[in-house]
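Visitor: So here's coords.txt, just compact mmCIF, C-alpha atoms:
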```
# COMPACT_ATOMS: atom_id res chain seq x y z
CA MET A 14 -9.48 26.26 7.79
CA SER A 15 -11.19 23.04 6.74
CA GLU A 16 -9.51 19.63 6.81
CA THR A 17 -9.37 19.45 3.01
CA MET A 18 -7.82 22.94 2.65
CA MET A 19 -5.06 22.49 5.22
CA PRO A 20 -1.50 22.61 3.89
CA VAL A 21 -0.01 19.17 4.27
CA LEU A 22 2.17 19.58 7.36
CA ASP A 23 0.03 22.27 9.00
CA ASP A 24 -2.35 19.48 10.00
CA PRO A 25 -1.18 18.08 13.38
CA LEU A 26 -2.31 14.53 12.55
CA VAL A 27 -0.53 14.56 9.19
CA ARG A 28 2.59 16.01 10.80
CA ASP A 29 2.60 13.35 13.53
CA LEU A 30 2.10 10.50 11.06
CA ALA A 31 4.91 11.82 8.86
CA ARG A 32 7.26 12.08 11.84
CA LEU A 33 6.42 8.61 13.12
CA GLY A 34 6.62 7.26 9.58
CA ASP A 35 10.31 8.12 9.40
CA HIS A 36 10.94 5.77 12.30
CA TYR A 37 8.87 2.90 10.90
CA ASP A 38 10.52 3.32 7.54
CA ALA A 39 13.87 2.65 9.18
CA VAL A 40 12.78 -0.30 11.33
CA ARG A 41 10.61 -3.14 10.07
CA ALA A 42 7.76 -3.15 12.59
CA HIS A 43 4.03 -2.64 12.92
CA PRO A 44 3.43 1.14 13.30
CA ALA A 45 1.75 0.85 16.69
CA ASP A 46 2.39 4.49 17.66
CA SER A 47 0.84 5.74 14.44
CA ILE A 48 -2.24 3.57 14.93
CA GLU A 49 -2.53 4.86 18.49
CA ARG A 50 -2.52 8.39 17.08
CA LEU A 51 -5.47 7.45 14.86
CA ALA A 52 -7.27 6.06 17.90
CA GLU A 53 -6.69 9.31 19.79
CA ALA A 54 -8.25 11.18 16.87
CA GLY A 55 -11.34 8.96 17.04
CA LEU A 56 -10.76 7.59 13.56
CA LEU A 57 -10.74 3.89 14.44
CA ARG A 58 -14.37 4.05 15.57
CA ARG A 59 -15.76 6.82 13.36
CA TYR A 60 -16.81 4.63 10.40
CA SER A 61 -17.98 1.64 12.41
CA PRO A 62 -21.73 0.86 12.57
CA VAL A 63 -23.76 3.29 14.67
CA GLU A 64 -24.67 0.33 16.91
CA SER A 65 -20.93 -0.12 17.54
CA GLY A 66 -20.39 3.52 18.48
CA GLY A 67 -19.67 4.92 15.03
CA ASP A 68 -20.69 8.40 13.91
CA ARG A 69 -24.22 8.91 12.64
CA PHE A 70 -24.07 10.55 9.22
CA ALA A 71 -26.97 12.22 7.42
CA ASP A 72 -26.77 9.68 4.62
CA ALA A 73 -24.36 7.41 2.73
CA ALA A 74 -23.09 10.34 0.64
CA ALA A 75 -22.13 12.31 3.76
CA ARG A 76 -20.41 9.23 5.18
CA HIS A 77 -18.40 8.68 2.01
CA HIS A 78 -17.43 12.34 1.75
CA ALA A 79 -16.08 12.28 5.30
CA MET A 80 -14.31 8.99 4.58
CA PHE A 81 -12.77 10.51 1.43
CA ASP A 82 -11.28 13.31 3.54
CA SER A 83 -10.01 10.96 6.27
CA LEU A 84 -8.37 8.49 3.88
CA ARG A 85 -6.54 11.10 1.83
CA ARG A 86 -5.56 12.97 5.01
CA ILE A 87 -3.91 9.87 6.48
CA GLY A 88 -2.33 9.10 3.11
CA ARG A 89 -0.74 12.53 3.19
CA GLY A 90 0.95 11.65 6.45
CA ASP A 91 2.09 8.08 5.79
CA LEU A 92 0.96 5.79 3.00
CA SER A 93 1.75 2.62 4.98
CA VAL A 94 -0.55 3.73 7.78
CA GLY A 95 -3.07 4.80 5.16
CA ARG A 96 -3.03 1.28 3.72
CA LEU A 97 -3.69 -0.21 7.16
CA TYR A 98 -6.42 2.32 7.90
CA GLU A 99 -8.12 1.64 4.58
CA GLY A 100 -8.30 -2.03 5.54
CA HIS A 101 -9.81 -1.08 8.91
CA VAL A 102 -12.42 1.14 7.24
CA ASN A 103 -13.22 -1.64 4.78
CA ALA A 104 -13.81 -4.00 7.70
CA MET A 105 -16.10 -1.47 9.39
CA ALA A 106 -18.17 -1.26 6.19
CA LEU A 107 -18.51 -5.04 6.08
CA PHE A 108 -19.72 -5.06 9.70
CA ASP A 109 -22.18 -2.27 8.90
CA TRP A 110 -23.62 -4.14 5.92
CA TYR A 111 -23.62 -7.73 7.13
CA ALA A 112 -23.11 -8.10 10.89
CA THR A 113 -25.78 -9.35 13.26
CA ALA A 114 -26.81 -7.31 16.29
CA ALA A 115 -24.64 -9.55 18.47
CA GLN A 116 -21.61 -9.06 16.21
CA LYS A 117 -22.07 -5.28 16.26
CA ALA A 118 -22.22 -5.38 20.06
CA TRP A 119 -19.01 -7.43 20.10
CA LEU A 120 -17.41 -4.92 17.73
CA ARG A 121 -18.27 -2.06 20.07
CA ASP A 122 -16.57 -3.91 22.93
CA VAL A 123 -13.32 -4.63 21.08
CA LEU A 124 -13.18 -1.10 19.64
CA ASP A 125 -13.45 0.16 23.23
CA ARG A 126 -10.20 -1.72 23.80
CA GLY A 127 -8.49 -0.18 20.77
CA ALA A 128 -8.82 -3.06 18.33
CA THR A 129 -7.82 -2.58 14.71
CA PHE A 130 -9.06 -4.64 11.79
CA GLY A 131 -7.99 -5.60 8.29
CA VAL A 132 -9.54 -7.39 5.33
CA TRP A 133 -7.48 -10.18 3.75
CA ALA A 134 -8.57 -11.75 0.47
CA THR A 135 -5.30 -12.49 -1.35
CA GLU A 136 -4.04 -16.04 -0.96
CA PRO A 137 -1.68 -18.56 -2.53
CA ALA A 138 -3.32 -21.54 -4.24
CA PRO A 139 -5.41 -23.42 -3.29
CA GLY A 140 -6.67 -20.68 -0.96
CA VAL A 141 -8.22 -20.81 2.50
CA ALA A 142 -10.89 -23.49 2.89
CA LEU A 143 -13.64 -23.70 5.49
CA VAL A 144 -13.68 -27.37 6.44
CA ASP A 145 -15.93 -29.44 8.66
CA THR A 146 -13.90 -31.56 11.09
CA ALA A 147 -14.79 -33.88 13.96
CA ASN A 148 -14.27 -30.91 16.28
CA GLY A 149 -16.35 -28.46 14.24
CA LEU A 150 -15.59 -25.92 11.54
CA SER A 151 -11.93 -25.05 10.95
CA LEU A 152 -9.78 -23.23 8.40
CA LEU A 153 -7.14 -24.70 6.12
CA GLY A 154 -4.68 -22.54 4.19
CA ALA A 155 -2.96 -19.16 4.40
CA LYS A 156 -3.35 -15.54 3.35
CA SER A 157 -0.61 -13.62 1.54
CA PHE A 158 0.06 -9.88 1.31
CA ALA A 159 -1.86 -9.69 4.58
CA SER A 160 -1.30 -6.07 5.59
CA GLY A 161 -0.77 -5.65 9.31
CA ALA A 162 -0.33 -9.39 9.92
CA GLY A 163 0.90 -9.91 13.47
CA GLY A 164 0.13 -6.30 14.42
CA ILE A 165 -3.57 -5.62 13.92
CA ARG A 166 -5.93 -7.35 16.33
CA TYR A 167 -8.44 -8.92 13.93
CA ALA A 168 -8.93 -9.56 10.23
CA ILE A 169 -11.96 -10.37 8.12
CA VAL A 170 -10.82 -13.09 5.72
CA THR A 171 -12.42 -14.72 2.70
CA VAL A 172 -12.88 -18.48 3.06
CA GLN A 173 -14.21 -21.11 0.67
CA PRO A 174 -16.74 -23.67 1.99
CA GLU A 175 -16.92 -27.11 0.46
CA HIS A 176 -20.02 -26.04 -1.46
CA GLY A 177 -21.30 -22.65 -2.59
CA ASP A 178 -19.89 -19.12 -2.68
CA ARG A 179 -17.05 -17.93 -0.51
CA ARG A 180 -17.77 -16.49 2.91
CA LEU A 181 -16.29 -14.03 5.38
CA ALA A 182 -14.80 -15.07 8.70
CA ILE A 183 -13.52 -12.98 11.61
CA VAL A 184 -10.15 -14.20 12.91
CA ALA A 185 -7.47 -13.05 15.32
CA ALA A 186 -4.68 -11.46 13.29
CA ASP A 187 -1.96 -10.93 15.92
CA ASP A 188 -0.75 -14.49 16.47
CA VAL A 189 3.01 -14.25 16.00
CA ALA A 190 3.27 -18.02 15.48
CA ARG A 191 1.00 -17.77 12.43
CA THR A 192 2.74 -14.70 11.00
CA ASP A 193 5.64 -14.68 8.56
CA ALA A 194 6.75 -11.20 7.47
CA SER A 195 10.28 -12.28 6.54
CA GLY A 196 9.52 -11.88 2.84
CA TRP A 197 8.31 -8.30 3.17
CA ARG A 198 11.67 -6.76 2.19
CA VAL A 199 10.61 -3.80 0.07
CA ARG A 200 11.81 -0.30 -0.73
CA GLY A 201 8.47 1.32 0.12
CA MET A 202 5.37 0.73 2.27
CA ARG A 203 7.62 -1.00 4.80
CA ALA A 204 5.40 -0.34 7.81
CA SER A 205 2.36 -1.99 6.22
CA MET A 206 4.08 -5.31 7.09
CA SER A 207 2.15 -7.25 4.44
CA GLY A 208 3.33 -10.74 5.28
CA SER A 209 1.67 -14.14 5.17
CA TYR A 210 -0.64 -15.54 7.82
CA ASP A 211 -1.24 -19.26 8.26
CA LEU A 212 -4.84 -20.03 9.23
CA THR A 213 -4.55 -23.82 9.20
CA GLY A 214 -6.33 -25.30 12.18
CA TYR A 215 -7.99 -22.02 13.18
CA PRO A 216 -11.37 -22.91 14.75
CA ILE A 217 -14.48 -21.12 13.46
CA ASP A 218 -17.93 -20.98 15.02
CA GLU A 219 -21.11 -19.40 13.69
CA ALA A 220 -20.45 -16.18 15.59
CA ALA A 221 -17.22 -15.73 13.59
CA LEU A 222 -18.97 -16.00 10.21
CA LEU A 223 -19.96 -12.59 8.86
CA GLY A 224 -22.91 -12.29 6.51
CA GLN A 225 -24.07 -14.88 4.01
CA PRO A 226 -22.27 -16.78 1.24
CA GLY A 227 -21.43 -14.42 -1.62
CA ASP A 228 -21.80 -11.18 0.38
CA TYR A 229 -18.17 -10.13 -0.03
CA ASP A 230 -18.40 -10.39 -3.82
CA ARG A 231 -21.70 -8.54 -4.04
CA GLU A 232 -21.64 -5.82 -6.69
CA PRO A 233 -21.29 -2.92 -6.99
CA ARG A 234 -19.90 -2.88 -3.43
CA PHE A 235 -17.00 -5.24 -4.18
CA THR A 236 -15.51 -3.41 -7.14
CA SER A 237 -16.60 0.14 -6.34
CA GLY A 238 -14.91 -0.15 -2.93
CA ALA A 239 -11.58 0.33 -4.73
CA TRP A 240 -12.22 4.06 -4.44
CA ARG A 241 -11.02 3.85 -0.83
CA PHE A 242 -7.45 2.84 -1.62
CA THR A 243 -7.30 5.38 -4.46
CA ALA A 244 -8.20 8.03 -1.86
CA VAL A 245 -5.18 7.00 0.25
CA GLN A 246 -2.98 7.05 -2.85
CA LEU A 247 -4.37 10.49 -3.72
CA GLY A 248 -3.26 11.73 -0.31
CA GLY A 249 0.27 10.57 -1.04
CA ILE A 250 0.23 12.30 -4.42
CA GLU A 251 -1.04 15.50 -2.81
CA ALA A 252 1.74 15.33 -0.20
CA LEU A 253 4.35 14.79 -2.89
CA LEU A 254 3.07 17.77 -4.87
CA ALA A 255 3.15 20.01 -1.80
CA GLU A 256 6.65 18.87 -0.85
CA THR A 257 7.86 19.43 -4.42
CA ARG A 258 6.51 22.96 -4.48
CA ALA A 259 8.13 23.71 -1.11
CA ALA A 260 11.48 22.33 -2.28
CA LEU A 261 11.68 24.42 -5.45
CA SER A 262 14.67 26.73 -5.53
CA ASP A 263 14.36 30.38 -6.53
CA THR A 264 16.07 29.48 -9.79
CA ALA A 265 13.46 26.82 -10.55
CA ARG A 266 10.62 29.16 -9.64
CA ALA A 267 11.96 31.66 -12.17
CA ASP A 268 12.29 29.03 -14.90
CA PRO A 269 9.22 28.75 -17.20
CA LEU A 270 10.06 25.12 -18.01
CA ALA A 271 10.11 24.21 -14.32
CA ARG A 272 6.86 26.08 -13.78
CA ALA A 273 5.31 24.20 -16.69
CA ALA A 274 6.34 20.88 -15.12
CA LEU A 275 4.83 21.93 -11.81
CA GLY A 276 1.68 22.93 -13.66
CA HIS A 277 1.38 19.45 -15.15
CA ALA A 278 1.79 17.96 -11.67
CA ILE A 279 -0.92 20.25 -10.27
CA VAL A 280 -3.38 19.35 -13.02
CA GLY A 281 -2.66 15.63 -12.63
CA THR A 282 -3.17 15.76 -8.87
CA ARG A 283 -6.38 17.77 -9.03
CA THR A 284 -7.76 15.63 -11.85
CA ALA A 285 -7.16 12.49 -9.78
CA GLY A 286 -8.90 14.17 -6.85
CA LEU A 287 -12.00 14.90 -8.90
CA TRP A 288 -12.20 11.30 -10.11
CA VAL A 289 -11.73 9.80 -6.64
CA ARG A 290 -14.32 12.09 -5.10
CA GLU A 291 -16.78 11.23 -7.87
CA ALA A 292 -16.05 7.49 -7.45
CA ALA A 293 -16.83 7.84 -3.73
CA ILE A 294 -20.17 9.48 -4.53
CA ARG A 295 -21.08 6.75 -7.03
CA ALA A 296 -20.14 4.05 -4.53
CA ALA A 297 -22.29 5.69 -1.85
CA ARG A 298 -25.29 5.59 -4.19
CA GLU A 299 -24.43 2.06 -5.36
CA ASP A 300 -24.97 3.26 -8.92
CA ALA A 301 -25.18 0.71 -11.69
CA ASP A 302 -21.97 2.23 -13.10
CA ALA A 303 -20.16 2.56 -9.74
CA ALA A 304 -17.91 -0.40 -10.51
CA ALA A 305 -16.98 0.91 -13.96
CA PHE A 306 -16.25 4.30 -12.47
CA ALA A 307 -13.98 2.83 -9.78
CA ARG A 308 -12.08 0.81 -12.38
CA MET A 309 -11.41 3.90 -14.49
CA THR A 310 -10.47 5.89 -11.38
CA ARG A 311 -7.75 3.38 -10.53
CA GLY A 312 -6.05 4.11 -13.84
CA VAL A 313 -6.47 7.88 -13.50
CA VAL A 314 -4.85 7.87 -10.06
CA GLU A 315 -2.04 5.57 -11.16
CA ARG A 316 -1.23 7.83 -14.11
CA ALA A 317 -1.31 10.94 -11.92
CA GLY A 318 0.95 9.31 -9.34
CA LEU A 319 3.52 8.20 -11.90
CA ASP A 320 3.54 11.64 -13.54
CA VAL A 321 3.89 13.57 -10.27
CA MET A 322 6.68 11.23 -9.14
CA GLU A 323 8.57 11.92 -12.38
CA HIS A 324 8.02 15.68 -12.19
CA ALA A 325 9.12 15.73 -8.53
CA ALA A 326 12.34 13.85 -9.30
CA ARG A 327 13.15 16.14 -12.23
CA LEU A 328 12.31 19.38 -10.41
CA ILE A 329 14.06 18.56 -7.13
CA GLY A 330 16.91 16.61 -8.69
CA THR A 331 19.33 14.47 -6.74
CA ARG A 332 17.93 15.69 -3.41
CA SER A 333 14.76 13.69 -4.13
CA SER A 334 16.72 10.45 -3.66
CA PHE A 335 18.55 11.27 -0.44
CA GLU A 336 17.83 9.01 2.52
CA GLY A 337 15.86 10.86 5.17
CA GLN A 338 14.19 13.20 2.70
CA ARG A 339 10.39 13.15 2.90
CA VAL A 340 10.13 13.31 -0.89
CA ASP A 341 12.22 10.15 -1.18
CA LYS A 342 9.99 8.25 1.25
CA ILE A 343 6.78 9.34 -0.46
CA ILE A 344 8.12 8.31 -3.88
CA ARG A 345 9.21 4.90 -2.59
CA ASP A 346 5.91 4.30 -0.82
CA LEU A 347 3.77 5.55 -3.68
CA GLY A 348 5.76 3.59 -6.26
CA LEU A 349 4.85 0.35 -4.49
CA TYR A 350 1.29 1.26 -3.50
CA LEU A 351 0.37 2.06 -7.10
CA ARG A 352 1.24 -1.51 -8.07
CA GLN A 353 -2.28 -2.88 -7.71
CA ALA A 354 -3.03 -6.15 -9.48
CA GLY A 355 -3.89 -6.21 -13.20
CA PRO A 356 -4.02 -2.46 -13.95
CA ASP A 357 -4.25 -2.87 -17.72
CA GLN A 358 -6.99 -5.49 -17.48
CA VAL A 359 -8.94 -3.34 -15.01
CA ARG A 360 -8.72 -0.30 -17.29
CA ASP A 361 -9.73 -2.39 -20.31
CA THR A 362 -12.81 -3.66 -18.49
CA ALA A 363 -13.76 -0.09 -17.62
CA ILE A 364 -13.33 1.08 -21.20
CA ARG A 365 -15.58 -1.74 -22.42
CA ASP A 366 -18.30 -0.30 -20.20
CA TRP A 367 -17.62 3.17 -21.60
CA LEU A 368 -17.85 1.82 -25.15
CA ASP A 369 -21.39 0.77 -24.33
CA HIS A 370 -22.40 4.09 -22.76
CA ASP A 371 -20.87 7.16 -21.07
CA CYS A 372 -20.57 5.97 -17.48
CA TRP A 373 -20.08 9.50 -16.17
CA GLY A 374 -23.84 9.44 -15.79
CA GLU A 375 -24.76 13.10 -16.25
CA ASP A 376 -24.42 15.28 -19.33
CA ARG A 377 -23.58 12.12 -21.25
CA LEU A 378 -21.60 12.44 -24.46
CA TRP A 379 -23.13 9.37 -26.12
```
Show how you would write the structure in this file as structure tokens.
Guide:
Amino acid sequence: MSETMMPVLDDPLVRDLARLGDHYDAVRAHPADSIERLAEAGLLRRYSPVESGGDRFADAAARHHAMFDSLRRIGRGDLSVGRLYEGHVNAMALFDWYATAAQKAWLRDVLDRGATFGVWATEPAPGVALVDTANGLSLLGAKSFASGAGGIRYAIVTVQPEHGDRRLAIVAADDVARTDASGWRVRGMRASMSGSYDLTGYPIDEAALLGQPGDYDREPRFTSGAWRFTAVQLGGIEALLAETRAALSDTARADPLARAALGHAIVGTRTAGLWVREAAIRAAREDADAAAFARMTRGVVERAGLDVMEHAARLIGTRSSFEGQRVDKIIRDLGLYLRQAGPDQVRDTAIRDWLDHDCWGEDRLW
């Protein structure tokens, strides 16, 4: 049976992540055991540059299809771990696109030692500045909502030079003295440990600067890359649907209204899956409409997630809110993960593109 056809908890990796996730939901800590499980499965290295030991795919489409399966698979097991893994995969893509030969060799070495990466762009005003001091280049400022702060080994962070476009810098991300996760007191996604990380005084040399000014914001890569976190979210929605079906009582299965509700949840989940898969394909090709497609996909996945959460709660009833129930954890995690910034504005921007032309790109309607 293929990876994409496997029932949710018949997949050993998904089952292990779900089991470990129960522990990290109860204690506020970096999910080190779950990350180690990903390392054992070869997933920390798989999407790194070939020069760093990553898999060699036939083309970008094959790479993105495999990534689509991996991201949703991990999301099925634990959305918090999926969020951390998505950041790691994002970092591997940035290395693949922009790293020098020396940086790719360094990446191979640290991956050999089990390093995990994240990408941190969110920051409180005035942001993180790249400043020139008497002792060389240094950083000034902090990152917020820095997933994995204090637990992952490295992060690629956006920094603003005194002049020109923002740049990318590679920094250590496991300095406890720089980490403050005290504010991460949330109902869901607890193990993502998205705290703040103070980079003030962090020294930077040329080897730690990745790519050229403006590379991180290069389109369509910047916006179309959102497909990756929608794939993780999709995995959570798929897990919730499967758990809901398994929890249905005989009475509910015999009730046409309950079956109709389950039918709506099935259609919503599968529709989201089609959009995410298509967004991954467009991103792989770097289509002119890849960004518009990713923006619309975000809204499709959010709507599907909200609908499946409601149907699950109504079909399962009070049991869906009991502590220790997998359905309860998925709903709490998904409810937070779907709260990406500016959803209405993102959807509106996508629709403006669709007003101009049908961004689906084949068999256009107008």
Visitor: Rounded to one decimal, what separation in Å do you get between CA of Arg290 (chain A) and CA of Glu251 (chain A)?
Guide: 13.9 Å
Visitor: Just the residues within 6 Å of region 172-186 of chain A, please, counting all atoms listed in the file, with nothing from its chain fewer than 5 positions along; format it as a PyMOL selection string.
Guide: chain A and resi 141-143+162-163+165-167+221-223+226-227
Visitor: Report as a tab-separated table (two decimals) with C-alpha atoms, in the frame of the given file all protein, DNA and RNA residues lying within 7 Å of Leu84 (chain A), evaluated on all atoms listed in the file, omitting residues in the same chain fewer than 6 positions from it.
Guide:
```
chain	number	residue	atom	x	y	z
A	95	GLY	CA	-3.07	4.80	5.16
A	99	GLU	CA	-8.12	1.64	4.58
A	244	ALA	CA	-8.20	8.03	-1.86
A	245	VAL	CA	-5.18	7.00	0.25
```
Visitor: Between CA of Asn148 (chain A) and CA of Phe108 (chain A), measure the distance and give it in Å to one decimal.
Guide: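 These atoms are spaced 27.2 Å apart.
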Visitor: Which polymer residues have any atom within 7 Å of an atom of Asp68 (chain A), counting all atoms listed in the file, with same-chain residues fewer than 4 positions away left out, as a PyMOL selection string?
Guide: chain A and resi 59-60+63
Visitor: For Ala363 (chain A), which residue out of A:Ala304, A:Leu351, A:Leu212, A:Met322 is the nearest one, using only C-alpha atoms?
Guide: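 Looking at the shortest contact to Ala363 (chain A), the residue is A:Ala304.
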Visitor: In Å, with one decimal, what is the gap from CA of Leu153 (chain A) to CA of Thr113 (chain A)?
Guide: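 Atom-to-atom, CA of Leu153 (chain A) to CA of Thr113 (chain A), that is 25.2 Å.
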